[in-house]
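Peer 1: Let me begin by handing over the structure; questions about it come next.
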Amino acid sequence: MRAGNSMWLRRLALLLLPGTFAACGGPERSGDASLDAVTEGAVALAGDVTVSFQRGVSPSSTYAGVSDTWLQESTPSTNAGGDAVLRMDRDAPAGSHQSLNALLRFDLGAIPPGAKVRSVQLSLHVTNRTSGEGFFLYAAGRDWSESQATWARATSSTVWSAPGARGAADRGSSVLGTLLPSVTGAYSLTLGAAGIAAVQEWVNSPANNRGFVLDASTNMDGLDVASSEATTSAQRPRLTVTYSPPPVGFVHPGLHVSKAQLDFVKAKIGARAQPWYGQFSKAAGGSLANTSWTPRPVQTMQCGNGGSTVDIGCYNSRQDALRAYTLALLWYHTGEQRYADAAIRILDAYADTLQTILFVSGDINTHNGPLQAAWLAELFPRAAEIIRYSDAGWPEERALEFGDMLKRAVLPRIINGWGGGGSNWNNSMTNGVMNIAVYTDDQALFERSLAMWRVHVRETFYLTSDGAAPIPAPDQRNADGTWKAGVLLSSWRGQTEFGTARVNGLSQEACRDFGHATMSIASISQAAETALIQGVDLYSEQEARLIASAEFMARYLVPHAPDNNAQATIPVESWLCARRSEYVKKNGQPVPNNTLELQILPTWEILFNHYVTRKGRSMPSTAALLPRVRAGGSSTDLQMSWETLTHADVGSVGLEP
């Protein structure tokens, strides 16, 4: 829970209802409609609040924020604001072809400004059901008075632009929902995207909350519902809104590691406790700790792949980013200014120099630009976050300039993800976007990164509950949601069997090699950890998927993978990677079917710490893998850097229970 949100939720208690790899990819994603769809459908997230608005009932028995009335064409000067019912019809009196419609407004002042509306439900008590096309909800476009509104007038001094609140200035053109109850009694309508957007606008700008107009186009069969003046309070109109509380500011340092986690590890190092002290000694004694290092930024970075060996600033910048992060950790754990100064020198050099990372779709000489940007976004902000918020002597204006560089040169290459799946690419990009969001205090960008994570984690790891095939990326599927011809086999590198328990947890890139599949584990878990520090529990949303994926890989890595980060190819069962040779080549040659290429890389700690140390879940294969990870020949590999030092057995330190 983000600092401060828990206090806010306690104050609202009365409102609560019960209850260095060569990688491959495709063209950059041109849009993010799929991410918007996921965000829109992400209702009832961890930490969300649900509140109902009903006169005399909720949020409290003193709530009087509901206004409603109905308008009568046959008596255009009559006000019905005190009636116990709301009436709607297109033929009243019968045979007259005159209309009745209604107005309904809820004061939403109990929802704090900045809240994100997730879902909206309107509940009514029907006393006379309708049939036919139903009655529609529109957003009212002008102020009106419950005690003064008539067919002719919105207030005693204001006429409707068209009688009955039917003018363009009187109501919006979008239908926010349709009322079509089949029986009398309780009736509820869940609003769709347009309705949620309208309520969001009312939360953002209360002065624009003029409520709903309830009307029909042709329906000759009337609809009556209880009004807010109904004697039985439970029958009065009720609007139920679920929302995410507004941010109260990001936790800093809170990117990948929190201050509490850093302090926990610092104490362990001081006590020479293992495995932390061993990892710290490795960092302090290695080449990445060189405080005399001269950074090597370029203005325009160009990174080739797919046969191109173009490298203008690519490898050098990755090494500089690794050094900056290592130096930042050493500064925090020793307090020696030389480490901070060396890290600052690297960060400042890139802030002053890097302008762009080239990418032209289809050009092998710039092909790896987006992936390079993702890796830098995964590493550089971690270092900057620690230095900026640890009294290291980095001027704030320089820290801000570094953030400007991230948004100028790095973010444009990763903000839209990578088309066609691209498992490890998309997960690195997601992690990078989240890092930049936290470092630059950009709440909208943070929300976008959450949406990216929720999309890509489901594309990356298969669960049998997904059905007979994995979940495709948006540009991998047909209009009906099925996979495009041939794309499934290509994306999953020749894996043919799905839908059985033994495939549960398989990674999209496992049949390619476990190195790339592990990179996804790293990026996904790192982003989930950052999100948790910031108060969003992504881990819980995909617990079964992430545990299954880790256990699937660990079952092969523990008995078969070589030591010291080396690679080995092993034969496997006939159902696994059955057509691998058609989609994977190594050194220009097809690999054998029913084989796996294994490699243990320096990650796994973050996922294991959360699910086992924090949550007590069972991950026996991953538990057996960790000693081999910690004894590996390298503790850094791109974004997988010093995880044993930062996250081994840190448990829930710094997190609210």
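Identifiers in the structure tokens: chain A, B, ... in order shown; residue index from 1 per chain; ligand index from 1 in order shown.
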Residues near A:Trp394, anyone? I mean within 12 Å using only C-alpha atoms, not counting same-chain ones fewer than 3 positions away, as a list of chain:residue names.

Peer 2: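 After dropping sequence-adjacent residues, the list is A:Ala328, A:Gln337, A:Ala340, A:Asp341, A:Ala342, A:Ala343, A:Ile344, A:Arg345, A:Ile346, A:Leu347, A:Asp348, A:Ala383, A:Ala384, A:Glu385, A:Ile386, A:Ile387, A:Arg388, A:Tyr389, A:Ser390, A:Asp391, A:Glu397, A:Arg398, A:Ala399, A:Leu400, A:Glu401, A:Phe402.
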
Peer 1: Write out as a list in words each polymer residue whose atoms come within 10 Å of A:Ala437, counting only C-alpha atoms; drop sequence neighbours fewer than 3 positions from it.

Peer 2: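 Close residues of A:Ala437: Phe250, Leu255, Pro381, Gly403, Leu406, Lys407, Leu411, Asn431, Gly432, Val433, Met434, Thr440, Asp441, Asp442, Gln443, Ala444, Leu445, Phe446, Glu447, Arg448 and Ser449 of chain A.
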
Peer 1: Looking only at the backbone, which of the residues in stretch 187-417 of chain A does DSSP tag as strand (DSSP E), as a PyMOL selection string?

Peer 2: chain A and resi 187-190+212-215+223-226+238-244+254-255+257-258+300-303+311-312+356-357

Peer 1: From the set A:Ala152, A:Ala479, A:Leu463, A:Ala544, which residue has the shortest atom-to-atom contact distance to A:Arg502, counting only C-alpha atoms?

Peer 2: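 Under the stated criterion, the closest residue is A:Leu463.
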
Peer 1: Skipping near chain neighbours, those fewer than 5 positions away, what residues fall within 8 Å of stretch 626-633 of chain A using only C-alpha atoms, listed as a PyMOL selection string?

Peer 2: chain A and resi 275+558+563-565+600-605+644

Peer 1: Pick from A:Gly535, A:Gly313, A:Pro571, A:Gly141: nearest to A:Ala198, with only C-alpha atoms counted?

Peer 2: A:Gly141

Peer 1: Could you state the separation of atom CA of A:Ser258 and atom CA of A:Val653 in Å, given to one decimal place?

Peer 2: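 Atom-to-atom, atom CA of A:Ser258 to atom CA of A:Val653, that is 9.0 Å.
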
Peer 1: Go ahead and compute the interatomic distance for atom CA of A:His125 and atom CA of A:Phe106, in Å to one decimal.

Peer 2: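 Atom CA of A:Phe106 lies at a distance of 16.2 Å from atom CA of A:His125.
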
Peer 1: Which residue out of A:Tyr583, A:Ile570, A:Ala531, A:Arg118 has the minimum interatomic distance to A:Leu488 when only C-alpha atoms are used?

Peer 2: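 For A:Leu488, the nearest of the candidates is A:Tyr583.
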
Peer 1: Here is a test: counting only C-alpha atoms, which residue of A:Leu655, A:Ala64, A:Leu645, A:Ala566 is nearest to A:Ala283?

Peer 2: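 Of the candidates, the smallest distance to A:Ala283 is held by A:Leu645.
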
Peer 1: Could you please determine the separation between atom CA of A:Gln98 and atom CA of A:Val225 in Å, to one decimal place?

Peer 2: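 Computing it gives 19.1 Å between the two atoms.
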
Peer 1: From a DSSP pass on the backbone, collect the residues of stretch 105-346 of chain A flagged as helix (DSSP H, G or I) and hand them back as a PyMOL selection string.

Peer 2: chain A and resi 193-204+206-208+233-235+259-270+276-284+287-289+314-334+337-346

Peer 1: Hey, what's within 8 Å of A:Leu124 if we count only C-alpha atoms and toss same-chain stuff fewer than 6 positions away? As a PDB file with all heavy atoms, in the first residue's frame, please?

Peer 2:
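Written file, part_17.pdb:
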```
ATOM      1  N   ALA A 186     -36.315  -4.990  -7.750  1.00  0.00           N
ATOM      2  CA  ALA A 186     -34.941  -4.510  -7.839  1.00  0.00           C
ATOM      3  C   ALA A 186     -34.382  -4.732  -9.239  1.00  0.00           C
ATOM      4  O   ALA A 186     -34.571  -5.795  -9.846  1.00  0.00           O
ATOM      5  CB  ALA A 186     -34.079  -5.212  -6.808  1.00  0.00           C
ATOM      6  N   TYR A 187     -33.677  -3.732  -9.734  1.00  0.00           N
ATOM      7  CA  TYR A 187     -33.107  -3.791 -11.081  1.00  0.00           C
ATOM      8  C   TYR A 187     -31.795  -3.007 -11.073  1.00  0.00           C
ATOM      9  O   TYR A 187     -31.735  -1.896 -10.538  1.00  0.00           O
ATOM     10  CB  TYR A 187     -34.068  -3.181 -12.099  1.00  0.00           C
ATOM     11  CG  TYR A 187     -33.515  -3.087 -13.503  1.00  0.00           C
ATOM     12  CD1 TYR A 187     -33.466  -4.211 -14.321  1.00  0.00           C
ATOM     13  CD2 TYR A 187     -33.059  -1.872 -14.012  1.00  0.00           C
ATOM     14  CE1 TYR A 187     -32.971  -4.124 -15.621  1.00  0.00           C
ATOM     15  CE2 TYR A 187     -32.558  -1.776 -15.312  1.00  0.00           C
ATOM     16  CZ  TYR A 187     -32.515  -2.906 -16.100  1.00  0.00           C
ATOM     17  OH  TYR A 187     -32.022  -2.827 -17.378  1.00  0.00           O
ATOM     18  N   SER A 188     -30.742  -3.586 -11.664  1.00  0.00           N
ATOM     19  CA  SER A 188     -29.437  -2.929 -11.693  1.00  0.00           C
ATOM     20  C   SER A 188     -28.889  -2.913 -13.104  1.00  0.00           C
ATOM     21  O   SER A 188     -29.082  -3.866 -13.878  1.00  0.00           O
ATOM     22  CB  SER A 188     -28.442  -3.636 -10.764  1.00  0.00           C
ATOM     23  OG  SER A 188     -28.825  -3.484  -9.407  1.00  0.00           O
ATOM     24  N   VAL A 225     -40.138   4.012 -11.799  1.00  0.00           N
ATOM     25  CA  VAL A 225     -39.212   3.544 -10.765  1.00  0.00           C
ATOM     26  C   VAL A 225     -39.364   4.423  -9.533  1.00  0.00           C
ATOM     27  O   VAL A 225     -39.795   5.581  -9.619  1.00  0.00           O
ATOM     28  CB  VAL A 225     -37.746   3.570 -11.266  1.00  0.00           C
ATOM     29  CG1 VAL A 225     -37.560   2.672 -12.484  1.00  0.00           C
ATOM     30  CG2 VAL A 225     -37.301   4.987 -11.567  1.00  0.00           C
ATOM     31  N   ALA A 226     -39.014   3.866  -8.382  1.00  0.00           N
ATOM     32  CA  ALA A 226     -39.084   4.630  -7.140  1.00  0.00           C
ATOM     33  C   ALA A 226     -38.074   5.770  -7.186  1.00  0.00           C
ATOM     34  O   ALA A 226     -36.958   5.603  -7.685  1.00  0.00           O
ATOM     35  CB  ALA A 226     -38.827   3.727  -5.944  1.00  0.00           C
ATOM     36  N   GLN A 235     -35.508   1.245  -1.560  1.00  0.00           N
ATOM     37  CA  GLN A 235     -35.995   1.276  -2.937  1.00  0.00           C
ATOM     38  C   GLN A 235     -35.548   2.521  -3.692  1.00  0.00           C
ATOM     39  O   GLN A 235     -35.797   2.639  -4.895  1.00  0.00           O
ATOM     40  CB  GLN A 235     -37.523   1.191  -2.934  1.00  0.00           C
ATOM     41  CG  GLN A 235     -38.059  -0.123  -2.386  1.00  0.00           C
ATOM     42  CD  GLN A 235     -39.578  -0.177  -2.394  1.00  0.00           C
ATOM     43  OE1 GLN A 235     -40.245   0.774  -2.795  1.00  0.00           O
ATOM     44  NE2 GLN A 235     -40.128  -1.302  -1.951  1.00  0.00           N
ATOM     45  N   ARG A 236     -34.913   3.442  -3.037  1.00  0.00           N
ATOM     46  CA  ARG A 236     -34.500   4.684  -3.687  1.00  0.00           C
ATOM     47  C   ARG A 236     -33.343   4.437  -4.665  1.00  0.00           C
ATOM     48  O   ARG A 236     -32.578   3.478  -4.500  1.00  0.00           O
ATOM     49  CB  ARG A 236     -34.077   5.698  -2.619  1.00  0.00           C
ATOM     50  CG  ARG A 236     -35.206   6.078  -1.678  1.00  0.00           C
ATOM     51  CD  ARG A 236     -34.718   6.851  -0.472  1.00  0.00           C
ATOM     52  NE  ARG A 236     -35.816   7.099   0.464  1.00  0.00           N
ATOM     53  CZ  ARG A 236     -35.661   7.523   1.718  1.00  0.00           C
ATOM     54  NH1 ARG A 236     -34.426   7.762   2.189  1.00  0.00           N
ATOM     55  NH2 ARG A 236     -36.710   7.708   2.487  1.00  0.00           N
ATOM     56  N   PRO A 237     -33.204   5.267  -5.683  1.00  0.00           N
ATOM     57  CA  PRO A 237     -32.106   5.080  -6.641  1.00  0.00           C
ATOM     58  C   PRO A 237     -30.751   5.034  -5.936  1.00  0.00           C
ATOM     59  O   PRO A 237     -30.498   5.792  -4.988  1.00  0.00           O
ATOM     60  CB  PRO A 237     -32.215   6.306  -7.549  1.00  0.00           C
ATOM     61  CG  PRO A 237     -33.646   6.729  -7.448  1.00  0.00           C
ATOM     62  CD  PRO A 237     -34.050   6.432  -6.028  1.00  0.00           C
ATOM     63  N   ARG A 238     -29.896   4.147  -6.428  1.00  0.00           N
ATOM     64  CA  ARG A 238     -28.567   3.979  -5.819  1.00  0.00           C
ATOM     65  C   ARG A 238     -27.521   3.907  -6.925  1.00  0.00           C
ATOM     66  O   ARG A 238     -27.683   3.168  -7.897  1.00  0.00           O
ATOM     67  CB  ARG A 238     -28.514   2.703  -4.979  1.00  0.00           C
ATOM     68  CG  ARG A 238     -27.164   2.474  -4.292  1.00  0.00           C
ATOM     69  CD  ARG A 238     -27.174   1.260  -3.378  1.00  0.00           C
ATOM     70  NE  ARG A 238     -27.166   0.014  -4.116  1.00  0.00           N
ATOM     71  CZ  ARG A 238     -28.155  -0.857  -4.136  1.00  0.00           C
ATOM     72  NH1 ARG A 238     -29.278  -0.600  -3.471  1.00  0.00           N
ATOM     73  NH2 ARG A 238     -28.059  -1.976  -4.841  1.00  0.00           N
TER      74      ARG A 238
END
```

Peer 1: Considering only C-alpha atoms, can you say which of A:Pro297, A:Pro562, A:Gly270, A:Gly134 comes closest to A:Glu597?

Peer 2: A:Pro562

Peer 1: Excluding A:Val66 and any residue of its chain fewer than 3 positions from it, enumerate the residues within 10 Å of it, using only C-alpha atoms, and give them as a PyMOL selection string.

Peer 2: chain A and resi 53-56+63+104-108+146+211+227-229+236-239
